[in-house]
file start26.txt (compact mmCIF, C-alpha atoms)
# COMPACT_ATOMS: atom_id res chain seq x y z
CA MET A 895 -87.41 137.91 -95.16
CA THR A 896 -84.56 137.19 -97.54
CA ALA A 897 -85.19 136.65 -101.24
CA GLY A 898 -86.11 133.08 -102.04
CA ALA A 899 -86.95 132.18 -98.45
CA VAL A 900 -90.05 130.09 -97.85
CA ALA A 901 -92.58 131.84 -95.63
CA ALA A 902 -92.73 130.29 -92.17
CA ALA A 903 -96.07 129.01 -90.91
CA PRO A 904 -97.83 131.50 -88.62
CA VAL A 905 -97.85 130.73 -84.91
CA THR A 906 -101.11 129.34 -83.58
CA SER A 907 -101.24 129.90 -79.83
CA PRO A 908 -103.82 128.98 -77.19
CA LEU A 909 -102.90 132.21 -75.41
CA ASP A 910 -104.23 135.68 -76.13
CA VAL A 911 -100.72 137.06 -76.27
CA GLU A 912 -101.64 140.63 -77.16
CA ARG A 913 -103.89 140.84 -74.11
CA ILE A 914 -101.18 139.24 -71.95
CA ARG A 915 -98.64 141.79 -73.13
CA GLU A 916 -100.82 144.57 -71.76
CA ASP A 917 -100.12 143.15 -68.27
CA PHE A 918 -96.37 143.78 -68.61
CA PRO A 919 -95.48 147.48 -68.34
CA ILE A 920 -91.86 147.00 -69.34
CA LEU A 921 -92.85 145.71 -72.78
CA ARG A 922 -93.93 149.25 -73.63
CA GLU A 923 -90.36 150.48 -73.15
CA THR A 924 -88.13 151.40 -76.08
CA VAL A 925 -84.43 150.64 -76.57
CA ASN A 926 -82.42 152.81 -78.95
CA GLY A 927 -85.66 154.24 -80.26
CA ARG A 928 -87.20 150.84 -81.01
CA PRO A 929 -89.82 148.81 -79.17
CA ILE A 930 -88.06 146.37 -76.88
CA VAL A 931 -87.94 142.75 -78.02
CA TYR A 932 -87.12 140.85 -74.85
CA LEU A 933 -85.73 137.39 -75.63
CA ASP A 934 -83.67 136.77 -72.49
CA ASN A 935 -86.27 134.93 -70.45
CA ALA A 936 -84.01 132.04 -69.45
CA ALA A 937 -81.98 134.60 -67.50
CA SER A 938 -84.95 136.40 -65.94
CA THR A 939 -88.56 137.02 -66.90
CA GLN A 940 -90.52 140.25 -66.86
CA LYS A 941 -93.19 140.93 -64.23
CA PRO A 942 -96.89 141.49 -64.85
CA ARG A 943 -98.75 144.35 -63.24
CA GLN A 944 -100.48 141.86 -60.93
CA VAL A 945 -97.13 140.93 -59.35
CA ILE A 946 -95.89 144.51 -59.15
CA ASP A 947 -99.16 145.64 -57.54
CA ALA A 948 -99.09 142.80 -55.00
CA ILE A 949 -95.62 143.84 -53.83
CA VAL A 950 -96.56 147.51 -53.66
CA ARG A 951 -99.76 146.72 -51.74
CA HIS A 952 -97.79 144.70 -49.22
CA TYR A 953 -95.37 147.54 -48.52
CA GLU A 954 -98.13 150.16 -48.48
CA ARG A 955 -100.59 148.29 -46.23
CA ASP A 956 -99.18 145.22 -44.50
CA ASN A 957 -95.44 145.65 -44.06
CA ALA A 958 -94.20 144.14 -40.77
CA ASN A 959 -92.13 141.23 -39.59
CA VAL A 960 -93.90 137.87 -39.44
CA HIS A 961 -94.42 135.16 -36.83
CA ARG A 962 -93.19 137.37 -33.97
CA GLY A 963 -95.67 140.17 -33.50
CA ILE A 964 -99.10 140.37 -31.91
CA HIS A 965 -100.10 143.65 -33.52
CA GLU A 966 -102.40 143.88 -36.55
CA LEU A 967 -99.76 144.60 -39.21
CA SER A 968 -97.69 141.62 -38.14
CA ASN A 969 -100.77 139.41 -38.21
CA ARG A 970 -101.68 140.58 -41.71
CA ALA A 971 -98.11 140.11 -42.97
CA THR A 972 -98.00 136.64 -41.40
CA ASP A 973 -101.28 135.63 -43.01
CA ALA A 974 -100.11 136.82 -46.42
CA TYR A 975 -96.73 135.13 -46.04
CA ASP A 976 -98.22 131.79 -44.99
CA ALA A 977 -100.88 131.95 -47.70
CA ALA A 978 -98.16 132.61 -50.29
CA ARG A 979 -96.57 129.26 -49.53
CA GLN A 980 -99.89 127.53 -50.14
CA ARG A 981 -100.47 129.33 -53.44
CA VAL A 982 -97.02 128.57 -54.83
CA ALA A 983 -97.26 124.96 -53.63
CA ALA A 984 -100.58 124.58 -55.45
CA LEU A 985 -99.05 125.70 -58.75
CA LEU A 986 -96.37 123.02 -58.44
CA GLY A 987 -98.66 120.22 -57.29
CA ILE A 988 -97.27 120.19 -53.74
CA THR A 989 -99.96 119.08 -51.29
CA ASP A 990 -97.87 119.11 -48.10
CA THR A 991 -96.85 122.77 -47.79
CA ALA A 992 -94.40 121.95 -45.00
CA GLU A 993 -92.26 120.36 -47.72
CA LEU A 994 -91.78 123.74 -49.44
CA VAL A 995 -88.83 125.70 -48.03
CA TRP A 996 -88.41 129.33 -49.05
CA THR A 997 -84.95 130.21 -50.35
CA ARG A 998 -83.42 133.12 -52.25
CA GLY A 999 -83.68 131.06 -55.44
CA ALA A 1000 -82.62 127.81 -57.06
CA THR A 1001 -78.94 128.42 -56.32
CA GLU A 1002 -79.50 128.66 -52.57
CA ALA A 1003 -81.90 125.71 -52.71
CA LEU A 1004 -79.26 123.51 -54.33
CA ASN A 1005 -76.63 124.71 -51.87
CA LEU A 1006 -79.02 123.90 -49.02
CA VAL A 1007 -79.15 120.27 -50.13
CA ALA A 1008 -75.41 120.11 -50.77
CA TYR A 1009 -74.49 121.48 -47.36
CA ALA A 1010 -77.29 120.24 -45.10
CA TRP A 1011 -77.37 116.75 -46.60
CA GLY A 1012 -74.18 116.22 -48.61
CA MET A 1013 -71.66 117.63 -46.18
CA ASN A 1014 -73.10 115.60 -43.31
CA ARG A 1015 -73.80 112.29 -45.07
CA LEU A 1016 -71.18 111.68 -47.73
CA ARG A 1017 -67.96 109.82 -47.05
CA PRO A 1018 -64.78 108.96 -48.99
CA GLY A 1019 -65.66 106.59 -51.81
CA ASP A 1020 -69.26 107.78 -52.13
CA GLU A 1021 -70.26 109.09 -55.55
CA ILE A 1022 -72.28 112.06 -56.79
CA LEU A 1023 -73.72 111.75 -60.29
CA LEU A 1024 -74.13 114.95 -62.31
CA SER A 1025 -74.09 115.75 -66.04
CA VAL A 1026 -72.10 117.98 -68.38
CA LEU A 1027 -75.33 119.97 -68.98
CA GLU A 1028 -75.39 121.43 -65.48
CA HIS A 1029 -75.56 125.10 -64.60
CA HIS A 1030 -72.68 126.07 -62.33
CA SER A 1031 -75.19 126.29 -59.46
CA ASN A 1032 -75.69 122.54 -59.71
CA LEU A 1033 -71.99 121.85 -60.16
CA VAL A 1034 -69.90 124.06 -57.89
CA PRO A 1035 -71.76 123.14 -54.64
CA TRP A 1036 -71.15 119.46 -55.33
CA GLN A 1037 -67.50 120.15 -56.14
CA LEU A 1038 -67.17 121.75 -52.71
CA VAL A 1039 -68.91 118.80 -51.08
CA ALA A 1040 -66.63 116.34 -52.86
CA GLN A 1041 -63.52 118.28 -51.88
CA ARG A 1042 -64.50 118.31 -48.20
CA THR A 1043 -65.91 114.82 -47.85
CA GLY A 1044 -63.75 112.76 -50.20
CA ALA A 1045 -66.73 111.82 -52.35
CA ARG A 1046 -66.22 111.42 -56.09
CA LEU A 1047 -67.99 113.28 -58.89
CA ARG A 1048 -69.17 111.34 -61.92
CA PHE A 1049 -70.86 112.68 -65.03
CA LEU A 1050 -73.42 111.72 -67.63
CA GLU A 1051 -72.28 112.82 -71.08
CA ILE A 1052 -74.39 114.14 -73.95
CA ASP A 1053 -74.87 113.22 -77.60
CA ASP A 1054 -74.37 115.58 -80.54
CA GLN A 1055 -77.80 117.13 -79.94
CA GLY A 1056 -77.18 117.94 -76.29
CA ARG A 1057 -79.30 115.08 -74.94
CA LEU A 1058 -78.15 112.98 -72.01
CA GLU A 1059 -76.53 109.64 -72.84
CA LEU A 1060 -78.95 107.63 -70.75
CA SER A 1061 -77.23 104.40 -71.76
CA MET A 1062 -74.49 105.38 -69.29
CA LEU A 1063 -76.83 105.17 -66.31
CA ASP A 1064 -76.52 101.42 -65.82
CA ASP A 1065 -72.75 101.70 -65.46
CA LEU A 1066 -72.70 104.92 -63.44
CA LEU A 1067 -75.43 104.05 -60.93
CA THR A 1068 -73.90 101.72 -58.35
CA GLU A 1069 -74.16 101.10 -54.63
CA ARG A 1070 -71.60 103.91 -54.24
CA THR A 1071 -73.95 106.48 -55.79
CA LYS A 1072 -75.52 108.53 -53.00
CA ILE A 1073 -76.75 111.61 -54.91
CA VAL A 1074 -77.97 112.14 -58.46
CA SER A 1075 -78.41 115.86 -59.15
CA LEU A 1076 -79.55 116.93 -62.63
CA THR A 1077 -81.18 119.82 -64.39
CA HIS A 1078 -84.72 119.23 -65.57
CA VAL A 1079 -84.27 121.65 -68.49
CA SER A 1080 -80.93 122.92 -69.77
CA ASN A 1081 -80.67 126.70 -69.55
CA ALA A 1082 -78.10 126.72 -72.36
CA LEU A 1083 -79.67 124.34 -74.91
CA GLY A 1084 -83.27 123.92 -73.80
CA THR A 1085 -82.89 120.14 -73.54
CA VAL A 1086 -85.72 118.61 -71.48
CA ASN A 1087 -84.38 115.65 -69.53
CA PRO A 1088 -86.55 112.58 -68.73
CA ILE A 1089 -86.45 113.13 -64.98
CA ARG A 1090 -89.05 110.52 -64.04
CA GLU A 1091 -87.10 107.79 -65.82
CA ILE A 1092 -83.81 108.88 -64.28
CA ALA A 1093 -85.32 109.29 -60.80
CA ALA A 1094 -86.73 105.77 -60.91
CA LYS A 1095 -83.30 104.36 -61.71
CA ALA A 1096 -81.63 106.52 -59.07
CA LYS A 1097 -84.05 105.35 -56.41
CA ALA A 1098 -83.58 101.72 -57.46
CA ALA A 1099 -79.85 102.21 -56.87
CA GLY A 1100 -80.51 103.70 -53.42
CA ALA A 1101 -79.52 107.26 -54.36
CA LEU A 1102 -81.27 110.52 -53.54
CA MET A 1103 -82.52 112.44 -56.60
CA VAL A 1104 -82.11 116.23 -56.77
CA VAL A 1105 -83.69 118.23 -59.60
CA ASP A 1106 -82.65 121.72 -60.69
CA GLY A 1107 -86.05 123.03 -61.77
CA ALA A 1108 -85.03 126.63 -62.43
CA GLN A 1109 -85.94 126.26 -66.12
CA SER A 1110 -88.81 123.78 -65.80
CA ALA A 1111 -90.99 125.41 -63.13
CA PRO A 1112 -91.66 128.45 -65.38
CA HIS A 1113 -92.24 126.55 -68.60
CA LEU A 1114 -93.53 123.02 -68.01
CA PRO A 1115 -96.76 121.87 -66.31
CA VAL A 1116 -94.74 120.33 -63.49
CA ASP A 1117 -96.33 118.27 -60.73
CA VAL A 1118 -93.28 118.17 -58.51
CA PRO A 1119 -94.00 115.19 -56.21
CA SER A 1120 -94.89 112.97 -59.17
CA LEU A 1121 -91.41 113.35 -60.66
CA GLY A 1122 -90.17 110.73 -58.22
CA ALA A 1123 -87.35 112.94 -56.96
CA ASP A 1124 -86.38 113.78 -53.39
CA PHE A 1125 -85.64 117.48 -53.95
CA TYR A 1126 -86.71 120.10 -56.50
CA ALA A 1127 -85.22 123.62 -56.64
CA PHE A 1128 -86.76 126.63 -58.40
CA SER A 1129 -86.43 130.42 -58.73
CA GLY A 1130 -89.18 133.03 -58.61
CA HIS A 1131 -87.66 135.58 -60.98
CA LYS A 1132 -87.68 133.08 -63.85
CA MET A 1133 -91.46 132.59 -63.53
CA CYS A 1134 -92.74 136.19 -63.52
CA GLY A 1135 -91.99 136.64 -59.82
CA PRO A 1136 -89.56 138.97 -58.06
CA THR A 1137 -85.86 138.37 -57.56
CA GLY A 1138 -84.53 137.10 -54.24
CA ILE A 1139 -87.20 134.44 -53.72
CA GLY A 1140 -87.45 130.80 -54.71
CA GLY A 1141 -87.88 127.47 -53.09
CA LEU A 1142 -86.80 123.94 -52.37
CA TRP A 1143 -89.32 121.13 -52.28
CA GLY A 1144 -88.11 118.12 -50.36
CA ARG A 1145 -89.71 114.89 -49.21
CA ARG A 1146 -90.82 115.35 -45.61
CA ASP A 1147 -88.85 112.42 -44.21
CA VAL A 1148 -85.63 113.59 -45.86
CA LEU A 1149 -86.05 117.20 -44.77
CA GLU A 1150 -86.81 116.17 -41.21
CA ALA A 1151 -83.65 114.06 -41.10
CA MET A 1152 -81.44 116.93 -42.27
CA ALA A 1153 -79.57 119.39 -40.08
CA PRO A 1154 -80.36 123.12 -40.41
CA PHE A 1155 -78.59 125.10 -43.11
CA HIS A 1156 -78.58 128.48 -41.33
CA GLY A 1157 -78.95 129.36 -37.66
CA GLY A 1158 -80.86 132.27 -36.16
CA GLY A 1159 -84.33 133.54 -35.51
CA ASP A 1160 -87.49 131.67 -36.55
CA MET A 1161 -85.74 128.33 -37.10
CA ILE A 1162 -85.55 127.51 -33.40
CA GLU A 1163 -87.84 125.75 -30.99
CA TRP A 1164 -85.88 126.55 -27.81
CA VAL A 1165 -82.46 128.12 -27.23
CA GLU A 1166 -80.13 127.65 -24.27
CA LEU A 1167 -76.68 129.20 -24.00
CA GLU A 1168 -74.92 126.07 -25.21
CA SER A 1169 -77.55 124.22 -27.24
CA SER A 1170 -80.76 124.66 -29.17
CA THR A 1171 -83.64 122.62 -30.50
CA TYR A 1172 -85.15 123.40 -33.87
CA ALA A 1173 -88.56 124.25 -35.25
CA PRO A 1174 -90.40 121.78 -37.46
CA ILE A 1175 -89.98 121.99 -41.25
CA PRO A 1176 -90.03 124.23 -43.18
CA ALA A 1177 -89.13 126.79 -40.51
CA LYS A 1178 -86.05 124.76 -39.56
CA PHE A 1179 -84.42 125.91 -42.83
CA GLU A 1180 -85.70 129.51 -42.84
CA ALA A 1181 -83.55 131.43 -40.39
CA GLY A 1182 -83.87 135.19 -40.11
CA THR A 1183 -86.34 137.76 -41.33
CA PRO A 1184 -87.88 136.26 -44.48
CA ASN A 1185 -88.46 137.92 -47.82
CA VAL A 1186 -92.14 138.50 -47.11
CA ALA A 1187 -92.74 140.82 -50.06
CA GLY A 1188 -90.91 138.36 -52.32
CA ALA A 1189 -93.17 135.53 -51.21
CA VAL A 1190 -96.25 137.69 -51.74
CA GLY A 1191 -95.02 138.63 -55.21
CA LEU A 1192 -94.22 135.05 -56.12
CA ALA A 1193 -97.67 133.96 -54.99
CA ALA A 1194 -99.18 136.57 -57.33
CA ALA A 1195 -97.00 135.18 -60.13
CA ALA A 1196 -98.18 131.65 -59.33
CA ASP A 1197 -101.79 132.80 -59.52
CA TYR A 1198 -101.07 134.52 -62.83
CA LEU A 1199 -99.42 131.48 -64.41
CA GLY A 1200 -102.07 129.16 -63.05
CA GLY A 1201 -104.78 131.39 -64.50
CA LEU A 1202 -103.24 131.21 -67.97
CA GLY A 1203 -102.80 127.44 -67.73
CA ARG A 1204 -99.47 125.65 -67.68
CA ASP A 1205 -100.35 123.47 -70.70
CA ALA A 1206 -101.29 126.56 -72.69
CA ILE A 1207 -98.00 128.27 -71.80
CA LEU A 1208 -96.04 125.23 -72.96
CA ALA A 1209 -98.04 124.97 -76.20
CA HIS A 1210 -97.40 128.64 -76.94
CA GLU A 1211 -93.67 128.31 -76.35
CA ARG A 1212 -93.40 125.16 -78.46
CA ALA A 1213 -95.21 126.86 -81.35
CA LEU A 1214 -92.98 129.92 -81.03
CA VAL A 1215 -89.79 127.84 -80.93
CA ALA A 1216 -90.90 125.88 -84.00
CA TYR A 1217 -91.42 129.17 -85.83
CA ALA A 1218 -88.09 130.54 -84.59
CA VAL A 1219 -86.18 127.45 -85.68
CA GLN A 1220 -87.76 127.59 -89.12
CA ARG A 1221 -86.90 131.28 -89.53
CA LEU A 1222 -83.37 130.94 -88.16
CA ARG A 1223 -82.62 128.19 -90.63
CA GLU A 1224 -83.00 130.80 -93.38
CA ILE A 1225 -79.82 132.51 -92.20
CA PRO A 1226 -76.64 131.27 -93.90
CA ASP A 1227 -73.79 130.19 -91.62
CA LEU A 1228 -76.07 129.98 -88.56
CA GLN A 1229 -75.67 126.79 -86.54
CA LEU A 1230 -78.48 125.77 -84.21
CA LEU A 1231 -77.54 123.82 -81.09
CA GLY A 1232 -79.69 121.46 -79.04
CA PRO A 1233 -82.25 118.75 -79.77
CA ARG A 1234 -83.64 118.66 -83.31
CA ASP A 1235 -86.90 117.16 -82.04
CA LEU A 1236 -88.66 120.24 -80.68
CA SER A 1237 -90.69 118.13 -78.25
CA GLU A 1238 -87.40 117.48 -76.46
CA ARG A 1239 -86.63 121.14 -75.80
CA SER A 1240 -88.12 124.14 -74.02
CA GLY A 1241 -88.32 127.75 -75.19
CA VAL A 1242 -84.55 128.15 -75.59
CA VAL A 1243 -82.73 128.48 -78.92
CA SER A 1244 -78.93 128.64 -78.81
CA PHE A 1245 -76.88 129.27 -81.90
CA THR A 1246 -73.64 130.51 -83.40
CA LEU A 1247 -73.35 132.65 -86.54
CA ALA A 1248 -70.28 132.18 -88.73
CA ASP A 1249 -67.23 133.37 -86.80
CA ILE A 1250 -69.02 136.38 -85.26
CA HIS A 1251 -68.49 136.39 -81.53
CA PRO A 1252 -71.80 136.04 -79.66
CA HIS A 1253 -71.00 139.16 -77.61
CA ASP A 1254 -70.69 141.15 -80.83
CA LEU A 1255 -73.98 139.69 -82.03
CA ALA A 1256 -75.71 140.62 -78.79
CA THR A 1257 -74.35 144.19 -79.02
CA ILE A 1258 -75.58 144.64 -82.58
CA LEU A 1259 -78.97 143.17 -81.71
CA ASP A 1260 -79.25 145.48 -78.71
CA ASN A 1261 -78.82 148.42 -81.05
CA GLU A 1262 -81.87 147.06 -82.87
CA GLY A 1263 -83.84 146.80 -79.62
CA VAL A 1264 -83.52 143.00 -79.43
CA ALA A 1265 -82.33 141.59 -76.09
CA ILE A 1266 -80.68 138.17 -76.18
CA ARG A 1267 -78.04 136.50 -73.99
CA ALA A 1268 -74.49 135.83 -75.12
CA GLY A 1269 -71.77 133.92 -73.29
CA HIS A 1270 -71.25 130.58 -71.62
CA HIS A 1271 -74.57 130.80 -69.73
CA CYS A 1272 -72.94 129.56 -66.51
CA THR A 1273 -72.26 126.24 -68.26
CA GLN A 1274 -68.56 126.40 -69.08
CA PRO A 1275 -68.04 122.60 -69.05
CA LEU A 1276 -70.93 122.25 -71.52
CA MET A 1277 -69.41 124.88 -73.83
CA LYS A 1278 -66.14 122.97 -73.76
CA CYS A 1279 -67.99 119.76 -74.59
CA LEU A 1280 -69.70 121.50 -77.52
CA GLY A 1281 -66.39 122.86 -78.79
CA VAL A 1282 -67.41 126.51 -78.49
CA GLY A 1283 -66.43 129.30 -76.14
CA SER A 1284 -69.93 130.74 -76.00
CA THR A 1285 -73.24 130.90 -77.84
CA ALA A 1286 -75.97 133.38 -78.57
CA ARG A 1287 -79.24 132.43 -76.87
CA ALA A 1288 -82.78 133.58 -77.54
CA SER A 1289 -85.26 132.38 -74.95
CA PHE A 1290 -89.02 132.80 -75.18
CA TYR A 1291 -91.90 133.09 -72.77
CA LEU A 1292 -95.64 133.56 -72.65
CA TYR A 1293 -95.58 137.20 -73.83
CA ASN A 1294 -93.35 136.75 -76.88
CA THR A 1295 -94.74 136.84 -80.42
CA SER A 1296 -93.88 135.66 -83.91
CA ALA A 1297 -93.30 139.30 -84.86
CA GLU A 1298 -90.52 139.40 -82.27
CA VAL A 1299 -88.98 136.30 -83.84
CA ASP A 1300 -89.06 138.15 -87.16
CA ALA A 1301 -87.33 141.12 -85.53
CA LEU A 1302 -84.62 138.78 -84.22
CA VAL A 1303 -84.08 137.24 -87.65
CA ASP A 1304 -83.98 140.63 -89.39
CA ALA A 1305 -81.41 141.88 -86.87
CA LEU A 1306 -79.25 138.80 -87.42
CA HIS A 1307 -79.32 139.38 -91.18
CA ARG A 1308 -78.12 142.94 -90.56
CA ALA A 1309 -75.37 141.62 -88.30
CA ARG A 1310 -74.17 139.32 -91.08
CA GLY A 1311 -74.05 142.31 -93.42
CA LEU A 1312 -72.03 144.38 -90.97
CA PHE A 1313 -69.42 141.61 -90.82
CA GLY A 1314 -69.27 141.28 -94.60
CA TYR A 1315 -71.19 138.01 -95.01

call {"tool": "encode", "arguments": {"input": "start26.txt", "output": "structure tokens"}}
result
Amino acid sequence: MTAGAVAAAPVTSPLDVERIREDFPILRETVNGRPIVYLDNAASTQKPRQVIDAIVRHYERDNANVHRGIHELSNRATDAYDAARQRVAALLGITDTAELVWTRGATEALNLVAYAWGMNRLRPGDEILLSVLEHHSNLVPWQLVAQRTGARLRFLEIDDQGRLELSMLDDLLTERTKIVSLTHVSNALGTVNPIREIAAKAKAAGALMVVDGAQSAPHLPVDVPSLGADFYAFSGHKMCGPTGIGGLWGRRDVLEAMAPFHGGGDMIEWVELESSTYAPIPAKFEAGTPNVAGAVGLAAAADYLGGLGRDAILAHERALVAYAVQRLREIPDLQLLGPRDLSERSGVVSFTLADIHPHDLATILDNEGVAIRAGHHCTQPLMKCLGVGSTARASFYLYNTSAEVDALVDALHRARGLFGY
């Protein structure tokens, strides 16, 4: 701590973080001779032993293709795969498991909606409402849809704290609005958007509501159907699960009215040479050999998060972010971005430090064993809106500690010294 700084209040957490850390083998790794301080959770989270073991057990004991075999291994793999859908659905409050479609992650889930619904339903003059906060995965697919259908993109702007200008909704939501697609939590600023309020207004205007939940599913106690949306996309690797697996929740009636996204095995009911009929949802959208081990691993992650308690995870992150913000404010020339009211943000803290490029900061911090993210965070329009090329981003999760925040702050002080500040 620098001379004259006021000591930050200790973090009071409902989680036994030291015990939790024992579940994560990678947290015992060292980087450049120092214990790793992993603060890049908005990009991808680490995996507990329970998830790693579930994947290994599947490959050691039950590995086979699903839904096609009669032999014992196929039956066991099928049972595990189908049970995984139920376990993940339970974590997210989804009672109708047929409404949960497996995808490779939130990006594919958003593309599924854009192509299977947007490409087939939108016409010239229709409008798609997005925001300047969006990750490229919730922007580029809609750009492609607009280019091919003649629909028009419109955008909610943000205030100086990175919060949506909700006053614009009344003007932007018209009878021409067919899709509203917004992030629940900004990956770049941590802004938590009032999705229920926005969804209610979108539905009143006759529009479908799509939610990018990549950053909310891991961090908020989300009950997906109660959000009032029509679709919700999420990724497994951001919630202690493996990469290559995620999901799309969609209202049954909307999913059933949509055309398939991919064609191939397991999504068919009957195939003739010149035509086919399709399986019921969710199989209709799950062509090909599925990521069985990924689903099994994600189910183990869902059990793990559910066992800790979603409210407890959120309370821990909020306490840690409050501590981090207080400590970061000690650093001269450091500018914090995002909502000042910490109840309006998740476990993400983005900042700039003097005129030091964020990539240089991240390199120096890596030498100290501290892993953060630096860049535009796949939100280039947002960076332009903020008037910066990139930011440094520390993002926290259930296994992070106040001591790791201190390590981040100490490393940033050393970075200032290296640049002569």

call {"tool": "residues_around", "arguments": {"input": "start26.txt", "residues": "Asn1294 (chain A)", "least_positions_apart": "6", "cutoff": "9 Å", "atoms": "only C-alpha atoms", "output": "ChimeraX atom specification"}}
result
/A:911,915,931-933,1211,1214

call {"tool": "residues_around", "arguments": {"input": "start26.txt", "residues": "Val995 (chain A)", "least_positions_apart": "3", "cutoff": "7 Å", "atoms": "only C-alpha atoms", "output": "list in words"}}
result
Gly1141, Leu1142, Trp1143, Pro1176 and Phe1179 of chain A

call {"tool": "closest_residue", "arguments": {"input": "start26.txt", "among": "A:Ala1008, A:Cys1279, A:Leu1114, A:Val1186", "to": "Leu1208 (chain A)", "atoms": "all atoms listed in the file"}}
result
A:Leu1114

call {"tool": "atom_distance", "arguments": {"input": "start26.txt", "atom1": "CA of Thr924 (chain A)", "atom2": "CA of Gly1263 (chain A)"}}
result
7.2 Å

call {"tool": "closest_residue", "arguments": {"input": "start26.txt", "among": "A:Leu1004, A:Leu994, A:Ile964, A:His952", "to": "Gln980 (chain A)", "atoms": "only C-alpha atoms"}}
result
A:Leu994

call {"tool": "atom_distance", "arguments": {"input": "start26.txt", "atom1": "CA of Pro1035 (chain A)", "atom2": "CA of Asn935 (chain A)"}}
result
24.5 Å

call {"tool": "closest_residue", "arguments": {"input": "start26.txt", "among": "A:Ala1297, A:Ile1266, A:Leu1236, A:Ala1216", "to": "Gln1055 (chain A)", "atoms": "all atoms listed in the file"}}
result
A:Leu1236

call {"tool": "closest_residue", "arguments": {"input": "start26.txt", "among": "A:Met1013, A:Val1264, A:Ala983, A:Val1303", "to": "Ile930 (chain A)", "atoms": "all atoms listed in the file"}}
result
A:Val1264

call {"tool": "closest_residue", "arguments": {"input": "start26.txt", "among": "A:Ala1108, A:Leu1058, A:Met1277, A:Leu1024", "to": "Ile1073 (chain A)", "atoms": "all atoms listed in the file"}}
result
A:Leu1024

call {"tool": "residues_around", "arguments": {"input": "start26.txt", "residues": "Asp1065 (chain A)", "least_positions_apart": "6", "cutoff": "12 Å", "atoms": "only C-alpha atoms", "output": "PyMOL selection string"}}
result
chain A and resi 1023+1048-1050+1059+1071+1095-1096+1099

call {"tool": "closest_residue", "arguments": {"input": "start26.txt", "among": "A:Ala937, A:Leu1067, A:Ala1187, A:Ile1175", "to": "Ala974 (chain A)", "atoms": "all atoms listed in the file"}}
result
A:Ala1187

call {"tool": "residues_around", "arguments": {"input": "start26.txt", "residues": "Arg1057 (chain A)", "least_positions_apart": "6", "cutoff": "8 Å", "atoms": "only C-alpha atoms", "output": "tab-separated table (two decimals) with C-alpha atoms, keeping the file's coordinate frame"}}
result
chain	number	residue	atom	x	y	z
A	1085	THR	CA	-82.89	120.14	-73.54
A	1087	ASN	CA	-84.38	115.65	-69.53
A	1232	GLY	CA	-79.69	121.46	-79.04
A	1233	PRO	CA	-82.25	118.75	-79.77

call {"tool": "atom_distance", "arguments": {"input": "start26.txt", "atom1": "CA of Gln1274 (chain A)", "atom2": "CA of His1030 (chain A)"}}
result
7.9 Å

call {"tool": "residues_near_point", "arguments": {"input": "start26.txt", "point": "(-99.2, 143.8, -43.0)", "cutoff": "10 Å", "atoms": "only C-alpha atoms", "output": "VMD selection string"}}
result
chain A and resid 951 to 960 965 to 975 1186

call {"tool": "residues_around", "arguments": {"input": "start26.txt", "residues": "Phe1155 (chain A)", "least_positions_apart": "3", "cutoff": "8 Å", "atoms": "only C-alpha atoms", "output": "ChimeraX atom specification"}}
result
/A:1006,1009-1010,1179

call {"tool": "closest_atom_pairs", "arguments": {"input": "start26.txt", "of": "region 1036-1135 of chain A", "to": "region 1197-1201 of chain A", "cutoff": "10 Å", "atoms": "only C-alpha atoms", "output": "CSV"}}
result
residue,atom,partner,partner_atom,distance
A:Pro1112,CA,A:Leu1199,CA,8.4
A:His1113,CA,A:Leu1199,CA,9.7
A:Pro1115,CA,A:Gly1200,CA,9.6
A:Met1133,CA,A:Leu1199,CA,8.1
A:Cys1134,CA,A:Leu1199,CA,8.2
A:Gly1135,CA,A:Tyr1198,CA,9.8

call {"tool": "axis_aligned_box", "arguments": {"input": "start26.txt", "around": "region 1152-1168 of chain A", "padding_each_side": "4 Å", "output": "lines of an AutoDock Vina configuration file"}}
result
center_x = -81.4
center_y = 125.2
center_z = -33.6
size_x = 20.9
size_y = 24.6
size_z = 27.1

call {"tool": "decode", "arguments": {"input": "start26.txt", "residues": "region 1112-1129 of chain A", "atoms": "C-alpha atoms", "output": "mmCIF file, in the first residue's frame"}}
result
data_model
loop_
_atom_site.group_PDB
_atom_site.id
_atom_site.type_symbol
_atom_site.label_atom_id
_atom_site.label_comp_id
_atom_site.auth_asym_id
_atom_site.auth_seq_id
_atom_site.Cartn_x
_atom_site.Cartn_y
_atom_site.Cartn_z
ATOM 1 C CA PRO A 1112 -21.916 -17.517 -14.401
ATOM 2 C CA HIS A 1113 -22.359 -14.606 -12.017
ATOM 3 C CA LEU A 1114 -26.014 -13.813 -11.346
ATOM 4 C CA PRO A 1115 -28.728 -16.002 -9.770
ATOM 5 C CA VAL A 1116 -30.584 -16.095 -13.087
ATOM 6 C CA ASP A 1117 -34.004 -17.697 -13.459
ATOM 7 C CA VAL A 1118 -34.058 -17.617 -17.237
ATOM 8 C CA PRO A 1119 -37.785 -17.989 -18.036
ATOM 9 C CA SER A 1120 -38.711 -15.247 -15.555
ATOM 10 C CA LEU A 1121 -36.656 -12.668 -17.460
ATOM 11 C CA GLY A 1122 -39.530 -12.328 -19.921
ATOM 12 C CA ALA A 1123 -37.286 -12.921 -22.932
ATOM 13 C CA ASP A 1124 -37.762 -15.308 -25.836
ATOM 14 C CA PHE A 1125 -34.146 -16.503 -26.083
ATOM 15 C CA TYR A 1126 -31.184 -16.681 -23.702
ATOM 16 C CA ALA A 1127 -27.664 -17.677 -24.796
ATOM 17 C CA PHE A 1128 -24.848 -18.846 -22.508
ATOM 18 C CA SER A 1129 -21.386 -20.446 -22.559
#
